[in-house]
Amino acid sequence: PVTSWDLDDLGLDAGQVGSTGAWTAVDDAVARPPRTAGTIIKDEGEGGRHIADYLATHKFI
């Protein structure tokens, strides 16, 4: 079962909750760009080296 509590049950004032009582505010939001095609690395014995090179060029390692 789901128990529902209102502000009186919690002893809170309406100004303490929601956007009024939030410590932060969202100034702007932008839609995420569509995903692009990934890089396919075929492993013909050198797959590990190709992956390491890819990660290094993109500064992941």
# chains A, B, ... in the order shown; residues from 1 in each chain; ligands from 1

$ residues_around --residues "segment 24-40 of chain A" --least-positions-apart "4" --cutoff "10 Å" --atoms "only C-alpha atoms" --output "PyMOL selection string"
chain A and resi 19-20+51+54

$ atom_distance --atom1 "atom CA of Ser4 of chain A" --atom2 "atom CA of Val17 of chain A"
15.7 Å

$ decode --residues "chain A" --atoms "C-alpha atoms" --output "PDB file, in the first residue's frame"
ATOM      1  CA  PRO A   1       0.000   0.000   0.000  1.00  0.00           C
ATOM      2  CA  VAL A   2       1.023   3.592  -0.687  1.00  0.00           C
ATOM      3  CA  THR A   3       0.630   6.048   2.156  1.00  0.00           C
ATOM      4  CA  SER A   4      -0.184   9.637   1.199  1.00  0.00           C
ATOM      5  CA  TRP A   5       0.807  12.447   3.552  1.00  0.00           C
ATOM      6  CA  ASP A   6      -0.138  16.073   3.225  1.00  0.00           C
ATOM      7  CA  LEU A   7       1.761  19.101   4.537  1.00  0.00           C
ATOM      8  CA  ASP A   8      -0.129  19.089   7.844  1.00  0.00           C
ATOM      9  CA  ASP A   9       0.856  15.454   8.439  1.00  0.00           C
ATOM     10  CA  LEU A  10       4.509  16.387   7.923  1.00  0.00           C
ATOM     11  CA  GLY A  11       4.309  19.633   9.877  1.00  0.00           C
ATOM     12  CA  LEU A  12       5.424  21.731   6.899  1.00  0.00           C
ATOM     13  CA  ASP A  13       4.381  25.112   5.580  1.00  0.00           C
ATOM     14  CA  ALA A  14       3.560  25.408   1.858  1.00  0.00           C
ATOM     15  CA  GLY A  15       6.441  27.901   1.457  1.00  0.00           C
ATOM     16  CA  GLN A  16       8.953  25.221   2.487  1.00  0.00           C
ATOM     17  CA  VAL A  17       8.188  22.850  -0.369  1.00  0.00           C
ATOM     18  CA  GLY A  18       7.950  22.942  -4.143  1.00  0.00           C
ATOM     19  CA  SER A  19       9.635  25.622  -6.237  1.00  0.00           C
ATOM     20  CA  THR A  20       9.105  28.212  -3.480  1.00  0.00           C
ATOM     21  CA  GLY A  21      11.217  26.288  -0.980  1.00  0.00           C
ATOM     22  CA  ALA A  22      13.786  24.929  -3.426  1.00  0.00           C
ATOM     23  CA  TRP A  23      17.455  25.771  -2.903  1.00  0.00           C
ATOM     24  CA  THR A  24      18.075  25.855  -6.642  1.00  0.00           C
ATOM     25  CA  ALA A  25      16.188  27.013  -9.708  1.00  0.00           C
ATOM     26  CA  VAL A  26      16.371  26.020 -13.360  1.00  0.00           C
ATOM     27  CA  ASP A  27      17.153  29.087 -15.455  1.00  0.00           C
ATOM     28  CA  ASP A  28      17.231  27.397 -18.846  1.00  0.00           C
ATOM     29  CA  ALA A  29      16.824  23.970 -20.392  1.00  0.00           C
ATOM     30  CA  VAL A  30      17.952  22.774 -23.803  1.00  0.00           C
ATOM     31  CA  ALA A  31      16.903  19.591 -25.543  1.00  0.00           C
ATOM     32  CA  ARG A  32      19.655  17.021 -25.850  1.00  0.00           C
ATOM     33  CA  PRO A  33      21.046  16.775 -29.392  1.00  0.00           C
ATOM     34  CA  PRO A  34      20.176  13.634 -31.323  1.00  0.00           C
ATOM     35  CA  ARG A  35      22.584  10.742 -31.002  1.00  0.00           C
ATOM     36  CA  THR A  36      25.165  10.347 -33.689  1.00  0.00           C
ATOM     37  CA  ALA A  37      26.415   7.103 -35.132  1.00  0.00           C
ATOM     38  CA  GLY A  38      29.084   5.481 -32.987  1.00  0.00           C
ATOM     39  CA  THR A  39      32.456   4.165 -34.044  1.00  0.00           C
ATOM     40  CA  ILE A  40      32.615   0.476 -34.900  1.00  0.00           C
ATOM     41  CA  ILE A  41      35.913  -1.229 -34.157  1.00  0.00           C
ATOM     42  CA  LYS A  42      36.375  -4.599 -35.779  1.00  0.00           C
ATOM     43  CA  ASP A  43      38.609  -6.934 -33.814  1.00  0.00           C
ATOM     44  CA  GLU A  44      41.003  -8.754 -36.073  1.00  0.00           C
ATOM     45  CA  GLY A  45      43.580  -9.242 -33.336  1.00  0.00           C
ATOM     46  CA  GLU A  46      44.256  -5.544 -32.786  1.00  0.00           C
ATOM     47  CA  GLY A  47      40.898  -4.570 -31.260  1.00  0.00           C
ATOM     48  CA  GLY A  48      42.342  -3.689 -27.860  1.00  0.00           C
ATOM     49  CA  ARG A  49      44.894  -1.366 -29.415  1.00  0.00           C
ATOM     50  CA  HIS A  50      42.220   0.326 -31.551  1.00  0.00           C
ATOM     51  CA  ILE A  51      39.983   0.851 -28.522  1.00  0.00           C
ATOM     52  CA  ALA A  52      42.871   2.269 -26.485  1.00  0.00           C
ATOM     53  CA  ASP A  53      43.797   4.627 -29.344  1.00  0.00           C
ATOM     54  CA  TYR A  54      40.178   5.742 -29.666  1.00  0.00           C
ATOM     55  CA  LEU A  55      39.880   6.408 -25.932  1.00  0.00           C
ATOM     56  CA  ALA A  56      43.206   8.268 -25.895  1.00  0.00           C
ATOM     57  CA  THR A  57      42.321  10.514 -28.851  1.00  0.00           C
ATOM     58  CA  HIS A  58      39.030  11.439 -27.172  1.00  0.00           C
ATOM     59  CA  LYS A  59      40.879  12.064 -23.879  1.00  0.00           C
ATOM     60  CA  PHE A  60      39.059   9.374 -21.913  1.00  0.00           C
ATOM     61  CA  ILE A  61      42.365   7.865 -20.833  1.00  0.00           C
TER      62      ILE A  61
END
